[in-house]
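Dumped entry.cif below, it's mmCIF, C-alpha atoms, pLDDT in the B column; chains and numbers go by the auth columns:
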data_final
#
loop_
_atom_site.group_PDB
_atom_site.id
_atom_site.type_symbol
_atom_site.label_atom_id
_atom_site.label_comp_id
_atom_site.label_asym_id
_atom_site.label_seq_id
_atom_site.Cartn_x
_atom_site.Cartn_y
_atom_site.Cartn_z
_atom_site.B_iso_or_equiv
_atom_site.auth_seq_id
_atom_site.auth_asym_id
ATOM 1 C CA MET A 1 -51.443 -100.668 -1.875 69.00 809 A
ATOM 2 C CA THR A 2 -52.533 -97.874 0.401 81.00 810 A
ATOM 3 C CA PHE A 3 -52.151 -97.816 4.142 87.00 811 A
ATOM 4 C CA TYR A 4 -55.839 -98.620 4.740 89.00 812 A
ATOM 5 C CA GLU A 5 -55.730 -101.597 2.360 90.00 813 A
ATOM 6 C CA LYS A 6 -52.919 -103.084 4.452 92.00 814 A
ATOM 7 C CA LEU A 7 -55.116 -103.125 7.552 96.00 815 A
ATOM 8 C CA LYS A 8 -57.506 -105.800 8.779 96.00 816 A
ATOM 9 C CA PHE A 9 -60.382 -104.567 10.871 96.00 817 A
ATOM 10 C CA ASP A 10 -62.093 -107.303 12.916 94.00 818 A
ATOM 11 C CA SER A 11 -65.676 -108.537 12.525 93.00 819 A
ATOM 12 C CA ASN A 12 -66.840 -105.461 14.474 93.00 820 A
ATOM 13 C CA GLY A 13 -64.892 -103.147 12.165 96.00 821 A
ATOM 14 C CA LEU A 14 -62.277 -102.466 14.845 96.00 822 A
ATOM 15 C CA ILE A 15 -58.497 -102.608 15.137 97.00 823 A
ATOM 16 C CA PRO A 16 -56.528 -102.361 18.412 98.00 824 A
ATOM 17 C CA ALA A 17 -54.158 -99.390 18.691 98.00 825 A
ATOM 18 C CA ILE A 18 -51.220 -99.463 21.079 98.00 826 A
ATOM 19 C CA VAL A 19 -50.199 -95.938 22.075 98.00 827 A
ATOM 20 C CA GLN A 20 -46.558 -95.290 22.971 98.00 828 A
ATOM 21 C CA ASP A 21 -44.766 -92.154 24.212 98.00 829 A
ATOM 22 C CA HIS A 22 -42.504 -91.294 21.279 97.00 830 A
ATOM 23 C CA ARG A 23 -39.761 -89.967 23.519 97.00 831 A
ATOM 24 C CA THR A 24 -39.596 -92.395 26.456 97.00 832 A
ATOM 25 C CA GLY A 25 -40.946 -95.539 24.768 98.00 833 A
ATOM 26 C CA ARG A 26 -43.416 -95.989 27.632 98.00 834 A
ATOM 27 C CA VAL A 27 -46.525 -97.834 26.463 98.00 835 A
ATOM 28 C CA LEU A 28 -49.351 -95.578 27.592 98.00 836 A
ATOM 29 C CA MET A 29 -52.576 -97.393 26.705 98.00 837 A
ATOM 30 C CA MET A 30 -54.353 -99.589 24.240 98.00 838 A
ATOM 31 C CA ALA A 31 -57.692 -98.653 22.723 97.00 839 A
ATOM 32 C CA TRP A 32 -59.761 -99.568 19.675 97.00 840 A
ATOM 33 C CA MET A 33 -60.227 -97.680 16.433 97.00 841 A
ATOM 34 C CA ASN A 34 -62.696 -98.071 13.601 96.00 842 A
ATOM 35 C CA ARG A 35 -61.905 -96.745 10.157 95.00 843 A
ATOM 36 C CA ALA A 36 -63.563 -93.381 10.892 96.00 844 A
ATOM 37 C CA SER A 37 -61.541 -92.829 14.070 96.00 845 A
ATOM 38 C CA LEU A 38 -58.314 -93.767 12.290 95.00 846 A
ATOM 39 C CA GLU A 39 -59.115 -91.362 9.440 94.00 847 A
ATOM 40 C CA LYS A 40 -59.878 -88.620 11.960 95.00 848 A
ATOM 41 C CA THR A 41 -56.613 -89.399 13.779 96.00 849 A
ATOM 42 C CA LEU A 42 -54.625 -89.007 10.557 93.00 850 A
ATOM 43 C CA GLU A 43 -56.544 -85.879 9.493 92.00 851 A
ATOM 44 C CA THR A 44 -56.258 -84.030 12.797 95.00 852 A
ATOM 45 C CA GLY A 45 -52.999 -85.417 14.190 95.00 853 A
ATOM 46 C CA LYS A 46 -54.806 -86.199 17.488 97.00 854 A
ATOM 47 C CA THR A 47 -55.798 -89.712 18.507 98.00 855 A
ATOM 48 C CA HIS A 48 -59.464 -90.665 18.146 98.00 856 A
ATOM 49 C CA PHE A 49 -60.902 -94.032 19.175 98.00 857 A
ATOM 50 C CA TRP A 50 -64.062 -96.107 19.284 95.00 858 A
ATOM 51 C CA SER A 51 -65.322 -96.966 22.742 92.00 859 A
ATOM 52 C CA ARG A 52 -66.661 -100.524 22.761 88.00 860 A
ATOM 53 C CA SER A 53 -68.342 -100.080 26.149 87.00 861 A
ATOM 54 C CA ARG A 54 -70.002 -96.739 25.310 89.00 862 A
ATOM 55 C CA GLN A 55 -70.410 -97.486 21.556 90.00 863 A
ATOM 56 C CA LYS A 56 -69.101 -94.004 20.935 92.00 864 A
ATOM 57 C CA PHE A 57 -66.498 -92.168 18.887 93.00 865 A
ATOM 58 C CA TRP A 58 -64.172 -90.169 21.139 94.00 866 A
ATOM 59 C CA MET A 59 -61.085 -87.988 20.992 97.00 867 A
ATOM 60 C CA LYS A 60 -58.499 -88.782 23.658 97.00 868 A
ATOM 61 C CA GLY A 61 -58.412 -85.792 26.015 95.00 869 A
ATOM 62 C CA GLU A 62 -61.763 -84.317 24.929 94.00 870 A
ATOM 63 C CA THR A 63 -62.817 -84.096 28.595 91.00 871 A
ATOM 64 C CA SER A 64 -59.487 -84.186 30.448 93.00 872 A
ATOM 65 C CA GLY A 65 -57.392 -82.072 28.080 95.00 873 A
ATOM 66 C CA HIS A 66 -54.892 -84.924 28.057 96.00 874 A
ATOM 67 C CA THR A 67 -54.600 -85.121 24.291 97.00 875 A
ATOM 68 C CA GLN A 68 -52.136 -87.130 22.223 98.00 876 A
ATOM 69 C CA ALA A 69 -50.327 -85.542 19.270 97.00 877 A
ATOM 70 C CA VAL A 70 -49.522 -88.240 16.714 96.00 878 A
ATOM 71 C CA LYS A 71 -45.912 -88.598 15.553 95.00 879 A
ATOM 72 C CA ASP A 72 -46.068 -91.906 13.669 95.00 880 A
ATOM 73 C CA ILE A 73 -48.471 -94.779 12.974 96.00 881 A
ATOM 74 C CA ALA A 74 -46.972 -98.245 12.460 97.00 882 A
ATOM 75 C CA PHE A 75 -48.874 -101.450 11.718 97.00 883 A
ATOM 76 C CA ASP A 76 -47.859 -105.031 12.273 97.00 884 A
ATOM 77 C CA CYS A 77 -47.009 -107.832 9.861 96.00 885 A
ATOM 78 C CA ASP A 78 -50.578 -109.170 9.913 95.00 886 A
ATOM 79 C CA GLY A 79 -52.071 -105.680 9.520 96.00 887 A
ATOM 80 C CA ASP A 80 -54.331 -106.267 12.499 96.00 888 A
ATOM 81 C CA THR A 81 -52.708 -104.047 15.154 98.00 889 A
ATOM 82 C CA LEU A 82 -51.558 -100.411 15.141 98.00 890 A
ATOM 83 C CA LEU A 83 -48.663 -98.894 17.103 98.00 891 A
ATOM 84 C CA ILE A 84 -49.013 -95.140 17.439 98.00 892 A
ATOM 85 C CA GLN A 85 -46.210 -92.873 18.646 97.00 893 A
ATOM 86 C CA VAL A 86 -47.508 -89.781 20.421 97.00 894 A
ATOM 87 C CA GLU A 87 -46.605 -86.755 22.444 98.00 895 A
ATOM 88 C CA GLN A 88 -48.817 -87.159 25.512 98.00 896 A
ATOM 89 C CA ILE A 89 -50.130 -84.155 27.442 96.00 897 A
ATOM 90 C CA GLY A 90 -50.480 -85.096 31.138 95.00 898 A
ATOM 91 C CA ALA A 91 -51.795 -88.476 32.204 96.00 899 A
ATOM 92 C CA ALA A 92 -52.865 -91.004 29.558 97.00 900 A
ATOM 93 C CA CYS A 93 -54.790 -93.022 32.147 96.00 901 A
ATOM 94 C CA HIS A 94 -58.203 -91.968 33.415 94.00 902 A
ATOM 95 C CA GLU A 95 -56.992 -92.969 36.864 95.00 903 A
ATOM 96 C CA GLY A 96 -54.401 -90.178 36.726 96.00 904 A
ATOM 97 C CA TYR A 97 -51.294 -92.203 35.914 97.00 905 A
ATOM 98 C CA ARG A 98 -48.994 -91.423 33.017 97.00 906 A
ATOM 99 C CA SER A 99 -49.580 -94.953 31.660 98.00 907 A
ATOM 100 C CA CYS A 100 -52.590 -97.244 32.048 98.00 908 A
ATOM 101 C CA PHE A 101 -50.084 -100.060 32.725 98.00 909 A
ATOM 102 C CA PHE A 102 -49.175 -98.802 36.196 97.00 910 A
ATOM 103 C CA ARG A 103 -49.514 -102.167 37.934 96.00 911 A
ATOM 104 C CA SER A 104 -47.484 -105.296 37.383 94.00 912 A
ATOM 105 C CA VAL A 105 -46.369 -108.646 38.682 89.00 913 A
ATOM 106 C CA ALA A 106 -42.896 -110.027 38.093 76.00 914 A
ATOM 107 C CA ALA A 107 -43.426 -113.629 39.132 72.00 915 A
ATOM 108 C CA PRO A 108 -46.231 -116.110 39.942 67.00 916 A
ATOM 109 C CA GLY A 109 -47.873 -115.504 43.295 69.00 917 A
ATOM 110 C CA GLN A 110 -46.106 -112.192 43.696 75.00 918 A
ATOM 111 C CA GLU A 111 -47.865 -109.129 45.047 85.00 919 A
ATOM 112 C CA ILE A 112 -49.140 -106.597 42.534 90.00 920 A
ATOM 113 C CA GLN A 113 -46.829 -103.573 42.446 91.00 921 A
ATOM 114 C CA ILE A 114 -47.736 -99.991 41.558 93.00 922 A
ATOM 115 C CA THR A 115 -44.830 -99.040 39.313 93.00 923 A
ATOM 116 C CA GLU A 116 -45.279 -95.307 38.823 94.00 924 A
ATOM 117 C CA PRO A 117 -46.584 -92.250 40.682 94.00 925 A
ATOM 118 C CA GLN A 118 -50.155 -91.041 40.247 94.00 926 A
ATOM 119 C CA LEU A 119 -49.876 -87.603 38.587 94.00 927 A
ATOM 120 C CA GLU A 120 -53.424 -86.481 39.390 91.00 928 A
ATOM 121 C CA THR A 121 -56.557 -87.886 40.983 93.00 929 A
ATOM 122 C CA PRO A 122 -59.505 -88.741 38.699 92.00 930 A
ATOM 123 C CA GLU A 123 -61.515 -86.091 40.605 91.00 931 A
ATOM 124 C CA ASN A 124 -58.963 -83.459 39.590 89.00 932 A
ATOM 125 C CA ILE A 125 -59.144 -84.517 35.971 88.00 933 A
ATOM 126 C CA TYR A 126 -62.869 -85.061 35.509 87.00 934 A
ATOM 127 C CA GLY A 127 -64.392 -83.251 38.497 85.00 935 A
ATOM 128 C CA LYS A 128 -66.309 -84.837 41.380 72.00 936 A
ATOM 129 C CA LYS A 129 -69.055 -87.260 40.419 60.00 937 A
ATOM 130 C CA MET B 1 -57.427 -109.750 44.978 68.00 1088 B
ATOM 131 C CA THR B 2 -55.069 -111.908 42.976 81.00 1089 B
ATOM 132 C CA PHE B 3 -53.521 -111.017 39.649 87.00 1090 B
ATOM 133 C CA TYR B 4 -55.925 -113.246 37.700 89.00 1091 B
ATOM 134 C CA GLU B 5 -58.964 -111.743 39.419 90.00 1092 B
ATOM 135 C CA LYS B 6 -57.883 -108.293 38.202 92.00 1093 B
ATOM 136 C CA LEU B 7 -58.031 -109.419 34.578 96.00 1094 B
ATOM 137 C CA LYS B 8 -60.947 -109.404 32.169 96.00 1095 B
ATOM 138 C CA PHE B 9 -60.833 -112.013 29.447 96.00 1096 B
ATOM 139 C CA ASP B 10 -63.159 -111.283 26.499 94.00 1097 B
ATOM 140 C CA SER B 11 -66.169 -113.359 25.404 93.00 1098 B
ATOM 141 C CA ASN B 12 -63.768 -115.818 23.742 93.00 1099 B
ATOM 142 C CA GLY B 13 -61.728 -116.131 26.951 96.00 1100 B
ATOM 143 C CA LEU B 14 -58.873 -114.075 25.489 96.00 1101 B
ATOM 144 C CA ILE B 15 -56.841 -111.029 26.485 97.00 1102 B
ATOM 145 C CA PRO B 16 -54.464 -109.101 24.198 98.00 1103 B
ATOM 146 C CA ALA B 17 -50.811 -109.074 25.270 98.00 1104 B
ATOM 147 C CA ILE B 18 -48.450 -106.357 24.064 98.00 1105 B
ATOM 148 C CA VAL B 19 -44.854 -107.582 24.107 98.00 1106 B
ATOM 149 C CA GLN B 20 -42.087 -105.024 24.651 98.00 1107 B
ATOM 150 C CA ASP B 21 -38.282 -105.363 24.657 98.00 1108 B
ATOM 151 C CA HIS B 22 -37.399 -104.670 28.294 97.00 1109 B
ATOM 152 C CA ARG B 23 -34.120 -102.976 27.389 97.00 1110 B
ATOM 153 C CA THR B 24 -34.890 -100.855 24.327 97.00 1111 B
ATOM 154 C CA GLY B 25 -38.614 -100.255 24.875 98.00 1112 B
ATOM 155 C CA ARG B 26 -39.313 -101.371 21.296 98.00 1113 B
ATOM 156 C CA VAL B 27 -42.809 -102.831 20.999 98.00 1114 B
ATOM 157 C CA LEU B 28 -42.208 -106.199 19.361 98.00 1115 B
ATOM 158 C CA MET B 29 -45.646 -107.702 18.762 98.00 1116 B
ATOM 159 C CA MET B 30 -49.156 -108.145 20.046 98.00 1117 B
ATOM 160 C CA ALA B 31 -50.744 -111.561 20.457 97.00 1118 B
ATOM 161 C CA TRP B 32 -53.613 -113.104 22.399 97.00 1119 B
ATOM 162 C CA MET B 33 -53.539 -115.190 25.558 97.00 1120 B
ATOM 163 C CA ASN B 34 -56.134 -117.319 27.226 96.00 1121 B
ATOM 164 C CA ARG B 35 -55.882 -118.121 30.921 95.00 1122 B
ATOM 165 C CA ALA B 36 -53.947 -121.345 30.243 96.00 1123 B
ATOM 166 C CA SER B 37 -51.329 -119.591 28.105 96.00 1124 B
ATOM 167 C CA LEU B 38 -50.933 -116.836 30.697 95.00 1125 B
ATOM 168 C CA GLU B 39 -50.489 -119.427 33.475 94.00 1126 B
ATOM 169 C CA LYS B 40 -47.933 -121.281 31.355 95.00 1127 B
ATOM 170 C CA THR B 41 -46.138 -117.972 30.664 96.00 1128 B
ATOM 171 C CA LEU B 42 -45.895 -117.235 34.394 93.00 1129 B
ATOM 172 C CA GLU B 43 -44.883 -120.816 35.266 92.00 1130 B
ATOM 173 C CA THR B 44 -42.172 -121.188 32.624 95.00 1131 B
ATOM 174 C CA GLY B 45 -40.985 -117.591 32.220 95.00 1132 B
ATOM 175 C CA LYS B 46 -41.419 -117.903 28.434 97.00 1133 B
ATOM 176 C CA THR B 47 -44.308 -116.336 26.538 98.00 1134 B
ATOM 177 C CA HIS B 48 -47.147 -118.628 25.433 98.00 1135 B
ATOM 178 C CA PHE B 49 -50.152 -117.479 23.414 98.00 1136 B
ATOM 179 C CA TRP B 50 -53.405 -118.609 21.873 95.00 1137 B
ATOM 180 C CA SER B 51 -53.566 -118.455 18.085 92.00 1138 B
ATOM 181 C CA ARG B 52 -57.016 -117.296 16.976 88.00 1139 B
ATOM 182 C CA SER B 53 -56.403 -118.281 13.341 87.00 1140 B
ATOM 183 C CA ARG B 54 -55.014 -121.740 14.125 89.00 1141 B
ATOM 184 C CA GLN B 55 -57.085 -122.244 17.323 90.00 1142 B
ATOM 185 C CA LYS B 56 -53.925 -123.486 18.952 92.00 1143 B
ATOM 186 C CA PHE B 57 -51.827 -122.955 22.074 93.00 1144 B
ATOM 187 C CA TRP B 58 -48.248 -122.017 21.135 94.00 1145 B
ATOM 188 C CA MET B 59 -44.967 -121.031 22.721 97.00 1146 B
ATOM 189 C CA LYS B 60 -43.267 -118.091 21.022 97.00 1147 B
ATOM 190 C CA GLY B 61 -40.115 -119.469 19.380 95.00 1148 B
ATOM 191 C CA GLU B 62 -41.167 -123.130 19.482 94.00 1149 B
ATOM 192 C CA THR B 63 -40.297 -123.457 15.769 91.00 1150 B
ATOM 193 C CA SER B 64 -37.942 -120.514 15.183 92.00 1151 B
ATOM 194 C CA GLY B 65 -35.993 -120.630 18.447 95.00 1152 B
ATOM 195 C CA HIS B 66 -36.850 -116.926 18.866 96.00 1153 B
ATOM 196 C CA THR B 67 -38.153 -117.245 22.406 97.00 1154 B
ATOM 197 C CA GLN B 68 -39.079 -114.468 24.825 98.00 1155 B
ATOM 198 C CA ALA B 69 -37.900 -114.570 28.450 97.00 1156 B
ATOM 199 C CA VAL B 70 -40.412 -112.726 30.623 96.00 1157 B
ATOM 200 C CA LYS B 71 -39.146 -109.919 32.875 95.00 1158 B
ATOM 201 C CA ASP B 72 -42.427 -108.335 33.991 95.00 1159 B
ATOM 202 C CA ILE B 73 -46.165 -108.528 33.314 96.00 1160 B
ATOM 203 C CA ALA B 74 -48.194 -105.330 33.685 97.00 1161 B
ATOM 204 C CA PHE B 75 -51.938 -104.944 33.175 97.00 1162 B
ATOM 205 C CA ASP B 76 -53.957 -101.867 32.386 97.00 1163 B
ATOM 206 C CA CYS B 77 -56.478 -99.889 34.433 96.00 1164 B
ATOM 207 C CA ASP B 78 -59.414 -101.807 32.928 95.00 1165 B
ATOM 208 C CA GLY B 79 -57.676 -105.169 33.373 96.00 1166 B
ATOM 209 C CA ASP B 80 -58.323 -106.028 29.744 96.00 1167 B
ATOM 210 C CA THR B 81 -54.825 -105.694 28.230 98.00 1168 B
ATOM 211 C CA LEU B 82 -51.415 -107.058 29.279 98.00 1169 B
ATOM 212 C CA LEU B 83 -48.008 -105.430 28.719 98.00 1170 B
ATOM 213 C CA ILE B 84 -45.204 -107.967 28.938 98.00 1171 B
ATOM 214 C CA GLN B 85 -41.521 -106.999 29.179 97.00 1172 B
ATOM 215 C CA VAL B 86 -39.247 -109.594 27.626 97.00 1173 B
ATOM 216 C CA GLU B 87 -35.730 -110.408 26.588 98.00 1174 B
ATOM 217 C CA GLN B 88 -36.168 -111.331 22.929 98.00 1175 B
ATOM 218 C CA ILE B 89 -33.903 -113.851 21.204 96.00 1176 B
ATOM 219 C CA GLY B 90 -33.533 -112.906 17.505 95.00 1177 B
ATOM 220 C CA ALA B 91 -36.479 -111.659 15.493 96.00 1178 B
ATOM 221 C CA ALA B 92 -39.908 -111.379 17.119 97.00 1179 B
ATOM 222 C CA CYS B 93 -41.606 -111.155 13.721 97.00 1180 B
ATOM 223 C CA HIS B 94 -42.189 -114.216 11.566 94.00 1181 B
ATOM 224 C CA GLU B 95 -41.134 -112.064 8.618 95.00 1182 B
ATOM 225 C CA GLY B 96 -37.630 -111.814 10.126 96.00 1183 B
ATOM 226 C CA TYR B 97 -37.789 -108.323 11.600 97.00 1184 B
ATOM 227 C CA ARG B 98 -36.974 -107.531 15.186 97.00 1185 B
ATOM 228 C CA SER B 99 -40.452 -106.063 15.642 98.00 1186 B
ATOM 229 C CA CYS B 100 -43.704 -106.890 13.851 98.00 1187 B
ATOM 230 C CA PHE B 101 -44.270 -103.112 13.611 98.00 1188 B
ATOM 231 C CA PHE B 102 -41.606 -102.587 10.952 97.00 1189 B
ATOM 232 C CA ARG B 103 -43.795 -100.480 8.634 96.00 1190 B
ATOM 233 C CA SER B 104 -45.286 -97.080 9.317 94.00 1191 B
ATOM 234 C CA VAL B 105 -46.812 -93.923 7.922 89.00 1192 B
ATOM 235 C CA ALA B 106 -46.209 -90.510 9.414 76.00 1193 B
ATOM 236 C CA ALA B 107 -48.916 -88.522 7.640 72.00 1194 B
ATOM 237 C CA PRO B 108 -52.035 -89.014 5.500 67.00 1195 B
ATOM 238 C CA GLY B 109 -51.301 -90.086 1.939 69.00 1196 B
ATOM 239 C CA GLN B 110 -47.656 -90.686 2.740 75.00 1197 B
ATOM 240 C CA GLU B 111 -45.796 -93.698 1.419 85.00 1198 B
ATOM 241 C CA ILE B 112 -45.410 -96.667 3.752 90.00 1199 B
ATOM 242 C CA GLN B 113 -41.871 -96.772 5.160 91.00 1200 B
ATOM 243 C CA ILE B 114 -39.908 -99.830 6.296 93.00 1201 B
ATOM 244 C CA THR B 115 -38.385 -98.557 9.527 93.00 1202 B
ATOM 245 C CA GLU B 116 -35.937 -101.298 10.477 94.00 1203 B
ATOM 246 C CA PRO B 117 -33.645 -103.864 8.807 94.00 1204 B
ATOM 247 C CA GLN B 118 -34.801 -107.425 8.187 94.00 1205 B
ATOM 248 C CA LEU B 119 -32.578 -109.610 10.400 94.00 1206 B
ATOM 249 C CA GLU B 120 -33.349 -112.898 8.626 91.00 1207 B
ATOM 250 C CA THR B 121 -35.568 -114.146 5.845 93.00 1208 B
ATOM 251 C CA PRO B 122 -38.588 -116.273 6.791 92.00 1209 B
ATOM 252 C CA GLU B 123 -36.979 -119.135 4.792 91.00 1210 B
ATOM 253 C CA ASN B 124 -33.921 -118.971 7.041 89.00 1211 B
ATOM 254 C CA ILE B 125 -36.088 -119.085 10.140 87.00 1212 B
ATOM 255 C CA TYR B 126 -38.676 -121.672 9.174 87.00 1213 B
ATOM 256 C CA GLY B 127 -37.080 -123.446 6.192 85.00 1214 B
ATOM 257 C CA LYS B 128 -38.369 -123.423 2.632 73.00 1215 B
ATOM 258 C CA LYS B 129 -42.033 -124.237 2.144 60.00 1216 B
#
Please re-express this file's structure in structure tokens.
Amino acid sequence: MTFYEKLKFDSNGLIPAIVQDHRTGRVLMMAWMNRASLEKTLETGKTHFWSRSRQKFWMKGETSGHTQAVKDIAFDCDGDTLLIQVEQIGAACHEGYRSCFFRSVAAPGQEIQITEPQLETPENIYGKK
Amino acid sequence: MTFYEKLKFDSNGLIPAIVQDHRTGRVLMMAWMNRASLEKTLETGKTHFWSRSRQKFWMKGETSGHTQAVKDIAFDCDGDTLLIQVEQIGAACHEGYRSCFFRSVAAPGQEIQITEPQLETPENIYGKK
């Protein structure tokens, strides 16, 4: 059974991909892939996704330069989620943080904490809008 | 703005939750939560999910004893994914592996590799069927 046959894409043809820094273990982001973006990811060694909001194929870093070089692609027991190890250039988050998961709560009713420094402003990454 | 107001549940009232070992950084699993399972998770300090296949509220470990004690709940920039740090008892995967992501490929056409030892057999965890 090939890798693709092990995977279950949802009714929209998509599978969620968790992206993790292969060195630090920091979870950087989660985004969705269709079969074409997964094939392109494997072919090029750079992550490609499907944007559900923009209905568009995109390469991570195509605008920002913050690309992700793929080191490994794991899939879960049900074959319906991917875990991709990458070498991340710069900030994974469009808000300029290393990880999109830069806010957290530790207990009910607790204040939301910012847990990491902002590396760049969105204006620096994408230009003024 | 409260924590819940920052979150975006999908059209089925669900949000994906990535579960990570708070000590090793190993990504253990991904499952779905509705608002009730997230509230129960925060209240009890143990992860609770919504099973899409069984249409059922469940506590992780309710059958296996392999519960997850919550250390932190982060959410991403779009508010549509959770990242939960836990202390995992035993195997997170129902197939007896520490992590559900126990298989991977590193390059196109490559063989699928099992990347970690199986801690227990499913029969040991759940009994013979």
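Using all atoms listed in the file, the nearest neighbour of A:Ile897 within the list A:Thr855, A:Ala882, A:Ile922, A:Gly935 is A:Thr855.
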- prompt: Taking all atoms listed in the file into account, what are the residues of chain B at most 10 Å from chain A, put as a PyMOL selection string?
  reply: chain B and resi 1088-1090+1093+1103+1105+1107+1111-1118+1126+1128-1132+1157-1172+1180-1182+1184+1186-1202
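By all atoms listed in the file, and with residues fewer than 5 positions from stretch 863-866 of chain A along its chain excluded, the set lying at most 9 Å from it is Met841, Asn842, Ala844, Ser845, Thr855, His856, Phe857 and Trp858 of chain A.
Atom CA of B:Ile1102 sits 27.6 Å away from atom CA of B:Ile1212.
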- prompt: At what distance in Å, to one decimal, does atom CA of B:Gly1177 lie from atom CA of B:Gly1148?
  reply: 9.5 Å
message: Using all atoms listed in the file, which protein or nucleic acid residues come within 7 Å of A:Leu927? Drop anything in the same chain fewer than 5 positions from it, and give the result as a count of residues only.
response: 4
Take stretch 1172-1178 of chain B from the preceding structure and save all heavy atoms as an mmCIF file, in the first residue's frame.
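Generated file (decode-v1.cif):
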data_model
loop_
_atom_site.group_PDB
_atom_site.id
_atom_site.type_symbol
_atom_site.label_atom_id
_atom_site.label_comp_id
_atom_site.auth_asym_id
_atom_site.auth_seq_id
_atom_site.Cartn_x
_atom_site.Cartn_y
_atom_site.Cartn_z
ATOM 1 N N GLN B 1172 -1.048 21.130 25.551
ATOM 2 C CA GLN B 1172 0.099 20.451 26.166
ATOM 3 C C GLN B 1172 -0.437 19.538 27.259
ATOM 4 O O GLN B 1172 -1.239 19.976 28.093
ATOM 5 C CB GLN B 1172 1.058 21.471 26.788
ATOM 6 C CG GLN B 1172 1.595 22.515 25.828
ATOM 7 C CD GLN B 1172 2.466 21.944 24.736
ATOM 8 O OE1 GLN B 1172 3.174 20.965 24.944
ATOM 9 N NE2 GLN B 1172 2.392 22.543 23.557
ATOM 10 N N VAL B 1173 0.011 18.296 27.253
ATOM 11 C CA VAL B 1173 -0.492 17.344 28.244
ATOM 12 C C VAL B 1173 0.622 16.503 28.841
ATOM 13 O O VAL B 1173 1.704 16.374 28.267
ATOM 14 C CB VAL B 1173 -1.525 16.354 27.632
ATOM 15 C CG1 VAL B 1173 -2.697 17.082 27.011
ATOM 16 C CG2 VAL B 1173 -0.874 15.397 26.644
ATOM 17 N N GLU B 1174 0.283 15.906 29.995
ATOM 18 C CA GLU B 1174 1.067 14.800 30.524
ATOM 19 C C GLU B 1174 0.297 13.536 30.168
ATOM 20 O O GLU B 1174 -0.829 13.352 30.642
ATOM 21 C CB GLU B 1174 1.217 14.949 32.042
ATOM 22 C CG GLU B 1174 2.142 13.919 32.615
ATOM 23 C CD GLU B 1174 2.424 14.201 34.086
ATOM 24 O OE1 GLU B 1174 2.344 15.373 34.530
ATOM 25 O OE2 GLU B 1174 2.703 13.217 34.785
ATOM 26 N N GLN B 1175 0.877 12.723 29.322
ATOM 27 C CA GLN B 1175 0.193 11.532 28.797
ATOM 28 C C GLN B 1175 0.506 10.322 29.668
ATOM 29 O O GLN B 1175 1.665 10.011 29.894
ATOM 30 C CB GLN B 1175 0.660 11.285 27.353
ATOM 31 C CG GLN B 1175 0.200 9.972 26.729
ATOM 32 C CD GLN B 1175 -1.276 9.983 26.369
ATOM 33 O OE1 GLN B 1175 -1.754 10.884 25.689
ATOM 34 N NE2 GLN B 1175 -2.020 8.996 26.853
ATOM 35 N N ILE B 1176 -0.526 9.622 30.110
ATOM 36 C CA ILE B 1176 -0.339 8.308 30.740
ATOM 37 C C ILE B 1176 -0.339 7.252 29.639
ATOM 38 O O ILE B 1176 -1.300 7.183 28.866
ATOM 39 C CB ILE B 1176 -1.506 7.971 31.713
ATOM 40 C CG1 ILE B 1176 -1.735 9.076 32.743
ATOM 41 C CG2 ILE B 1176 -1.306 6.608 32.374
ATOM 42 C CD1 ILE B 1176 -0.660 9.223 33.762
ATOM 43 N N GLY B 1177 0.707 6.445 29.546
ATOM 44 C CA GLY B 1177 0.755 5.328 28.586
ATOM 45 C C GLY B 1177 0.727 5.769 27.141
ATOM 46 O O GLY B 1177 1.302 6.805 26.771
ATOM 47 N N ALA B 1178 0.030 4.995 26.335
ATOM 48 C CA ALA B 1178 -0.012 5.193 24.888
ATOM 49 C C ALA B 1178 -1.155 6.133 24.521
ATOM 50 O O ALA B 1178 -2.285 5.917 24.933
ATOM 51 C CB ALA B 1178 -0.213 3.853 24.200
#
